[in-house]
Structures are given as C-alpha cells and as structure tokens.
file target-v7.pdb (PDB, C-alpha atoms)
ATOM      1  CA  MET A   1     -92.831  -2.085  51.483
ATOM      2  CA  HIS A   2     -90.282  -3.421  53.989
ATOM      3  CA  ASP A   3     -89.388  -1.125  56.884
ATOM      4  CA  SER A   4     -85.602  -1.092  56.539
ATOM      5  CA  ALA A   5     -85.193   1.169  59.574
ATOM      6  CA  GLY A   6     -86.523  -1.596  61.803
ATOM      7  CA  SER A   7     -83.786  -3.995  60.727
ATOM      8  CA  VAL A   8     -81.101  -1.567  61.944
ATOM      9  CA  PHE A   9     -82.069  -2.552  65.474
ATOM     10  CA  LEU A  10     -81.114  -6.183  64.874
ATOM     11  CA  ALA A  11     -77.728  -7.155  66.292
ATOM     12  CA  ASP A  12     -76.522  -8.719  63.046
ATOM     13  CA  CYS A  13     -77.676  -5.943  60.715
ATOM     14  CA  PRO A  14     -74.934  -4.754  58.305
ATOM     15  CA  ALA A  15     -76.122  -1.155  58.695
ATOM     16  CA  ARG A  16     -75.585  -1.387  62.429
ATOM     17  CA  LEU A  17     -72.054  -2.670  61.872
ATOM     18  CA  ALA A  18     -71.345   0.182  59.444
ATOM     19  CA  VAL A  19     -72.592   2.759  61.948
ATOM     20  CA  ASP A  20     -70.512   1.131  64.679
ATOM     21  CA  ILE A  21     -67.378   1.365  62.521
ATOM     22  CA  ILE A  22     -67.741   5.014  61.564
ATOM     23  CA  THR A  23     -68.927   6.269  64.951
ATOM     24  CA  ASN A  24     -65.549   5.452  66.433
ATOM     25  CA  LYS A  25     -64.048   8.791  67.488
ATOM     26  CA  TRP A  26     -61.108   8.626  65.075
ATOM     27  CA  ALA A  27     -62.280   6.344  62.249
ATOM     28  CA  VAL A  28     -63.895   8.986  60.030
ATOM     29  CA  VAL A  29     -61.011  11.404  60.537
ATOM     30  CA  VAL A  30     -58.458   8.755  59.574
ATOM     31  CA  LEU A  31     -60.525   7.629  56.583
ATOM     32  CA  PHE A  32     -60.835  11.250  55.459
ATOM     33  CA  ALA A  33     -57.065  11.745  55.868
ATOM     34  CA  LEU A  34     -56.466   8.745  53.610
ATOM     35  CA  SER A  35     -59.049   9.812  51.031
ATOM     36  CA  ARG A  36     -56.606  11.988  49.115
ATOM     37  CA  ARG A  37     -53.572   9.687  49.006
ATOM     38  CA  PRO A  38     -51.701   6.958  50.879
ATOM     39  CA  ARG A  39     -49.943   8.142  54.022
ATOM     40  CA  ARG A  40     -47.349   6.931  56.465
ATOM     41  CA  HIS A  41     -48.064   6.539  60.179
ATOM     42  CA  GLY A  42     -46.061   9.645  61.116
ATOM     43  CA  GLU A  43     -47.859  11.723  58.480
ATOM     44  CA  LEU A  44     -51.197  10.666  59.917
ATOM     45  CA  VAL A  45     -50.107  11.563  63.456
ATOM     46  CA  ASP A  46     -49.129  15.034  62.223
ATOM     47  CA  LEU A  47     -52.255  15.450  60.095
ATOM     48  CA  VAL A  48     -54.818  14.205  62.614
ATOM     49  CA  GLY A  49     -54.562  16.621  65.510
ATOM     50  CA  GLY A  50     -54.948  15.187  68.980
ATOM     51  CA  ILE A  51     -54.515  11.499  68.187
ATOM     52  CA  SER A  52     -51.780   9.540  69.944
ATOM     53  CA  ARG A  53     -49.581   7.090  68.080
ATOM     54  CA  LYS A  54     -51.088   4.215  70.055
ATOM     55  CA  VAL A  55     -54.694   5.188  69.296
ATOM     56  CA  LEU A  56     -53.837   5.765  65.642
ATOM     57  CA  THR A  57     -52.315   2.291  65.441
ATOM     58  CA  GLN A  58     -55.430   0.782  67.048
ATOM     59  CA  THR A  59     -57.691   2.711  64.664
ATOM     60  CA  LEU A  60     -55.682   1.670  61.615
ATOM     61  CA  ARG A  61     -55.776  -1.987  62.691
ATOM     62  CA  ARG A  62     -59.514  -1.816  63.279
ATOM     63  CA  LEU A  63     -60.180  -0.235  59.882
ATOM     64  CA  GLN A  64     -57.882  -2.774  58.261
ATOM     65  CA  SER A  65     -59.756  -5.644  59.926
ATOM     66  CA  TYR A  66     -62.959  -4.389  58.266
ATOM     67  CA  GLY A  67     -61.312  -4.183  54.850
ATOM     68  CA  LEU A  68     -61.492  -0.383  54.654
ATOM     69  CA  ILE A  69     -57.773   0.348  54.584
ATOM     70  CA  GLU A  70     -54.699  -1.463  53.386
ATOM     71  CA  ARG A  71     -51.286  -1.559  55.043
ATOM     72  CA  ARG A  72     -48.431  -1.851  52.598
ATOM     73  CA  ALA A  73     -44.902  -2.517  53.859
ATOM     74  CA  TYR A  74     -42.027  -1.821  51.486
ATOM     75  CA  ALA A  75     -38.796  -3.812  51.656
ATOM     76  CA  GLU A  76     -36.523  -0.806  51.993
ATOM     77  CA  ALA A  77     -33.944   0.439  54.426
ATOM     78  CA  PRO A  78     -35.236   2.051  56.521
ATOM     79  CA  PRO A  79     -38.551   0.172  56.363
ATOM     80  CA  ARG A  80     -41.473   2.139  54.966
ATOM     81  CA  VAL A  81     -45.146   1.417  55.651
ATOM     82  CA  GLU A  82     -48.035   3.233  53.977
ATOM     83  CA  TYR A  83     -51.747   3.089  54.604
ATOM     84  CA  SER A  84     -54.342   3.639  51.904
ATOM     85  CA  LEU A  85     -58.037   3.166  51.350
ATOM     86  CA  THR A  86     -59.133  -0.079  49.795
ATOM     87  CA  GLU A  87     -61.758  -0.105  47.071
ATOM     88  CA  LEU A  88     -64.343  -0.700  49.807
ATOM     89  CA  GLY A  89     -62.900   2.138  51.898
ATOM     90  CA  GLN A  90     -63.123   4.485  48.915
ATOM     91  CA  THR A  91     -66.894   3.995  48.906
ATOM     92  CA  LEU A  92     -66.970   5.977  52.159
ATOM     93  CA  THR A  93     -65.286   9.036  50.627
ATOM     94  CA  GLU A  94     -68.536  10.598  49.394
ATOM     95  CA  PRO A  95     -70.544  10.084  52.623
ATOM     96  CA  ILE A  96     -67.622  11.396  54.691
ATOM     97  CA  ALA A  97     -67.314  14.435  52.404
ATOM     98  CA  ALA A  98     -71.049  15.090  52.864
ATOM     99  CA  LEU A  99     -70.667  14.852  56.642
ATOM    100  CA  THR A 100     -67.640  17.154  56.509
ATOM    101  CA  ASP A 101     -69.602  19.698  54.447
ATOM    102  CA  TRP A 102     -72.442  19.506  56.962
ATOM    103  CA  ALA A 103     -69.976  20.100  59.812
ATOM    104  CA  LYS A 104     -68.464  23.112  58.026
ATOM    105  CA  THR A 105     -71.929  24.587  57.509
ATOM    106  CA  TYR A 106     -73.567  23.734  60.849
ATOM    107  CA  GLY A 107     -70.723  22.896  63.222
ATOM    108  CA  ALA A 108     -70.580  26.365  64.764
ATOM    109  CA  ALA A 109     -74.348  26.351  65.366
ATOM    110  CA  VAL A 110     -74.143  22.957  67.072
ATOM    111  CA  ALA A 111     -71.207  24.111  69.212
ATOM    112  CA  ASP A 112     -73.047  27.319  70.162
ATOM    113  CA  PHE A 113     -76.181  25.384  71.092
ATOM    114  CA  HIS A 114     -74.155  22.889  73.139
ATOM    115  CA  GLU A 115     -72.316  25.670  74.950
ATOM    116  CA  ALA A 116     -75.594  27.415  75.771
ATOM    117  CA  ALA A 117     -77.071  24.151  77.032
ATOM    118  CA  GLN A 118     -73.991  23.554  79.206
ATOM    119  CA  GLN A 119     -74.301  27.068  80.660
ATOM    120  CA  ASP A 120     -78.004  26.521  81.351
ATOM    121  CA  THR A 121     -77.195  23.257  83.123
ATOM    122  CA  THR A 122     -74.442  24.884  85.162
ATOM    123  CA  THR A 123     -76.728  27.776  86.111
ATOM    124  CA  SER A 124     -79.565  25.399  87.053
ATOM    125  CA  ASP A 125     -77.209  23.256  89.116
ATOM    126  CA  ALA A 126     -75.845  26.308  90.933
ATOM    127  CA  GLN A 127     -79.366  27.539  91.676
ATOM    128  CA  ALA A 128     -80.396  24.115  93.009
ATOM    129  CA  ILE A 129     -77.340  23.967  95.264
ATOM    130  CA  LYS A 130     -78.018  27.484  96.511
ATOM    131  CA  LYS A 131     -81.638  26.551  97.369
ATOM    132  CA  ARG A 132     -80.491  23.465  99.316
ATOM    133  CA  THR A 133     -77.801  25.329 101.249
ATOM    134  CA  THR A 134     -79.737  28.537 101.981
ATOM    135  CA  PRO A 135     -81.489  28.439 105.392
ATOM    136  CA  SER A 136     -85.253  28.906 105.267
TER     137      SER A 136
END
call {"tool": "encode", "arguments": {"input": "target-v7.pdb", "output": "structure tokens"}}
result
Amino acid sequence: MHDSAGSVFLADCPARLAVDIITNKWAVVVLFALSRRPRRHGELVDLVGGISRKVLTQTLRRLQSYGLIERRAYAEAPPRVEYSLTELGQTLTEPIAALTDWAKTYGAAVADFHEAAQQDTTTSDAQAIKKRTTPS
C-alpha cells in the first residue's frame, strides 16, 4: 500500500496546494459565505466580520485564480458584480461544513485551552523576570 501521507510533503503535491489554499485566513470564511448563494462584494464585507475591502478583493482574486469561485459582471447601470462558487468550489462545501461543525462543538474548548496556556506562559515569564531582577 502506498503511503499517501508521505507525498503531502512533496512541493508539487496537489494535497499540499489544497491545504495551502484553504489555510489562508479568509479563504474558508469566504467560501462558506458563498456556499448558500451568490453574493456581491459589499454583501461579503458585511457578512464576513473583520475583513477589509482590500483583503476581501485579494481573497476573491486568489480563489478565482484557483477556479473555486466565479466573478460575474452584469451589464447594468449601475454595474453589478456577483461572486459564486464554481462546480469545483462547491466540492468544498461539505468539508467546510464539517470543519464548521467541529468548531461549533469544540471551539470553546480550544479557546479555553489556549487562554490557559497564554496565562501559564505569562505567569512563567513574570516569575522568570522576578528571579532575574531580585537580588540574591
């Protein structure tokens, strides 16, 4: 049996490219936002909290360059542009939904663990500084 996990470490592995695409901070959120219906740029800005117009534009262009979303411009006045998932992009709907479900179930536990780890680090750092600055 071929060890498929080993091939993920190769620079030209398709799995590595896929992981690179979806690990972008905003890519999965934008793909999820488009999973229900096509949306305009302004709608996406409003829907995706915390993303700037510039970063959204960059994310949309990147996803479009990989064939995951489609940009459709309508010849209207005023001009209207909508973004939607391509057939290839729609194949990510199920994995993204699974990840979203996981986050809903375990996100609070991960955040709590991270916060506790940050507090432990801060406490350890403070104790180390105190030891270095306290005269013997």
call {"tool": "closest_residue", "arguments": {"input": "target-v7.pdb", "among": "A:Leu34, A:Ile51, A:Val29, A:Val45", "to": "Glu70 of chain A", "atoms": "all atoms listed in the file"}}
result
A:Leu34
call {"tool": "closest_atom_pairs", "arguments": {"input": "target-v7.pdb", "of": "segment 21-72 of chain A", "to": "segment 82-92 of chain A", "cutoff": "9 Å", "atoms": "only C-alpha atoms", "output": "Markdown table"}}
result
| residue | atom | partner | partner_atom | distance |
| --- | --- | --- | --- | --- |
| A:Val28 | CA | A:Leu92 | CA | 9.0 |
| A:Leu31 | CA | A:Leu85 | CA | 7.3 |
| A:Phe32 | CA | A:Leu92 | CA | 8.7 |
| A:Leu34 | CA | A:Ser84 | CA | 5.8 |
| A:Ser35 | CA | A:Leu85 | CA | 6.7 |
| A:Arg37 | CA | A:Ser84 | CA | 6.8 |
| A:Pro38 | CA | A:Ser84 | CA | 4.4 |
| A:Arg39 | CA | A:Glu82 | CA | 5.3 |
| A:Arg40 | CA | A:Glu82 | CA | 4.5 |
| A:His41 | CA | A:Glu82 | CA | 7.0 |
| A:Leu60 | CA | A:Tyr83 | CA | 8.2 |
| A:Leu63 | CA | A:Gly89 | CA | 8.8 |
| A:Gln64 | CA | A:Thr86 | CA | 9.0 |
| A:Gly67 | CA | A:Leu88 | CA | 6.8 |
| A:Leu68 | CA | A:Gly89 | CA | 4.0 |
| A:Ile69 | CA | A:Leu85 | CA | 4.3 |
| A:Glu70 | CA | A:Ser84 | CA | 5.3 |
| A:Arg71 | CA | A:Tyr83 | CA | 4.7 |
| A:Arg72 | CA | A:Glu82 | CA | 5.3 |
call {"tool": "atom_distance", "arguments": {"input": "target-v7.pdb", "atom1": "atom CA of Gly49 of chain A", "atom2": "atom CA of Ala33 of chain A"}}
result
11.1 Å
call {"tool": "atom_distance", "arguments": {"input": "target-v7.pdb", "atom1": "atom CA of Ala73 of chain A", "atom2": "atom CA of Leu44 of chain A"}}
result
15.8 Å
call {"tool": "atom_distance", "arguments": {"input": "target-v7.pdb", "atom1": "atom CA of Val110 of chain A", "atom2": "atom CA of Ala98 of chain A"}}
result
16.5 Å
call {"tool": "axis_aligned_box", "arguments": {"input": "target-v7.pdb", "around": "segment 45-61 of chain A", "padding_each_side": "8 Å", "output": "JSON"}}
result
{"center_x": -53.4, "center_y": 7.3, "center_z": 65.1, "size_x": 24.6, "size_y": 34.6, "size_z": 26.0}
call {"tool": "build_atoms", "arguments": {"input": "target-v7.pdb", "residues": "segment 21-39 of chain A", "atoms": "N, CA and C atoms", "output": "JSON list (two decimals), in the frame of the given file"}}
result
[["chain", "number", "residue", "atom", "x", "y", "z"],
["A", 21, "ILE", "N", -68.73, 1.11, 63.03],
["A", 21, "ILE", "CA", -67.38, 1.36, 62.52],
["A", 21, "ILE", "C", -67.12, 2.87, 62.43],
["A", 22, "ILE", "N", -68.02, 3.60, 61.82],
["A", 22, "ILE", "CA", -67.74, 5.01, 61.56],
["A", 22, "ILE", "C", -68.04, 5.93, 62.74],
["A", 23, "THR", "N", -68.69, 5.41, 63.79],
["A", 23, "THR", "CA", -68.93, 6.27, 64.95],
["A", 23, "THR", "C", -67.77, 6.22, 65.94],
["A", 24, "ASN", "N", -66.76, 5.42, 65.64],
["A", 24, "ASN", "CA", -65.55, 5.45, 66.43],
["A", 24, "ASN", "C", -64.97, 6.86, 66.33],
["A", 25, "LYS", "N", -64.50, 7.39, 67.43],
["A", 25, "LYS", "CA", -64.05, 8.79, 67.49],
["A", 25, "LYS", "C", -63.07, 9.17, 66.37],
["A", 26, "TRP", "N", -62.16, 8.28, 66.03],
["A", 26, "TRP", "CA", -61.11, 8.63, 65.08],
["A", 26, "TRP", "C", -61.29, 8.03, 63.69],
["A", 27, "ALA", "N", -62.18, 7.07, 63.52],
["A", 27, "ALA", "CA", -62.28, 6.34, 62.25],
["A", 27, "ALA", "C", -62.55, 7.26, 61.06],
["A", 28, "VAL", "N", -63.54, 8.12, 61.16],
["A", 28, "VAL", "CA", -63.90, 8.99, 60.03],
["A", 28, "VAL", "C", -62.76, 9.96, 59.72],
["A", 29, "VAL", "N", -62.11, 10.46, 60.75],
["A", 29, "VAL", "CA", -61.01, 11.40, 60.54],
["A", 29, "VAL", "C", -59.86, 10.71, 59.81],
["A", 30, "VAL", "N", -59.54, 9.50, 60.22],
["A", 30, "VAL", "CA", -58.46, 8.76, 59.57],
["A", 30, "VAL", "C", -58.84, 8.40, 58.14],
["A", 31, "LEU", "N", -60.07, 7.95, 57.94],
["A", 31, "LEU", "CA", -60.52, 7.63, 56.58],
["A", 31, "LEU", "C", -60.46, 8.87, 55.69],
["A", 32, "PHE", "N", -60.88, 10.00, 56.22],
["A", 32, "PHE", "CA", -60.84, 11.25, 55.46],
["A", 32, "PHE", "C", -59.38, 11.62, 55.13],
["A", 33, "ALA", "N", -58.48, 11.43, 56.10],
["A", 33, "ALA", "CA", -57.06, 11.74, 55.87],
["A", 33, "ALA", "C", -56.47, 10.87, 54.77],
["A", 34, "LEU", "N", -56.97, 9.66, 54.64],
["A", 34, "LEU", "CA", -56.47, 8.74, 53.61],
["A", 34, "LEU", "C", -57.20, 8.88, 52.28],
["A", 35, "SER", "N", -58.23, 9.71, 52.24],
["A", 35, "SER", "CA", -59.05, 9.81, 51.03],
["A", 35, "SER", "C", -58.32, 10.49, 49.87],
["A", 36, "ARG", "N", -57.32, 11.27, 50.17],
["A", 36, "ARG", "CA", -56.61, 11.99, 49.12],
["A", 36, "ARG", "C", -55.42, 11.20, 48.56],
["A", 37, "ARG", "N", -54.74, 10.46, 49.44],
["A", 37, "ARG", "CA", -53.57, 9.69, 49.01],
["A", 37, "ARG", "C", -53.11, 8.79, 50.15],
["A", 38, "PRO", "N", -52.28, 7.80, 49.83],
["A", 38, "PRO", "CA", -51.70, 6.96, 50.88],
["A", 38, "PRO", "C", -50.82, 7.80, 51.80],
["A", 39, "ARG", "N", -50.75, 7.39, 53.05],
["A", 39, "ARG", "CA", -49.94, 8.14, 54.02],
["A", 39, "ARG", "C", -49.22, 7.19, 54.95]]
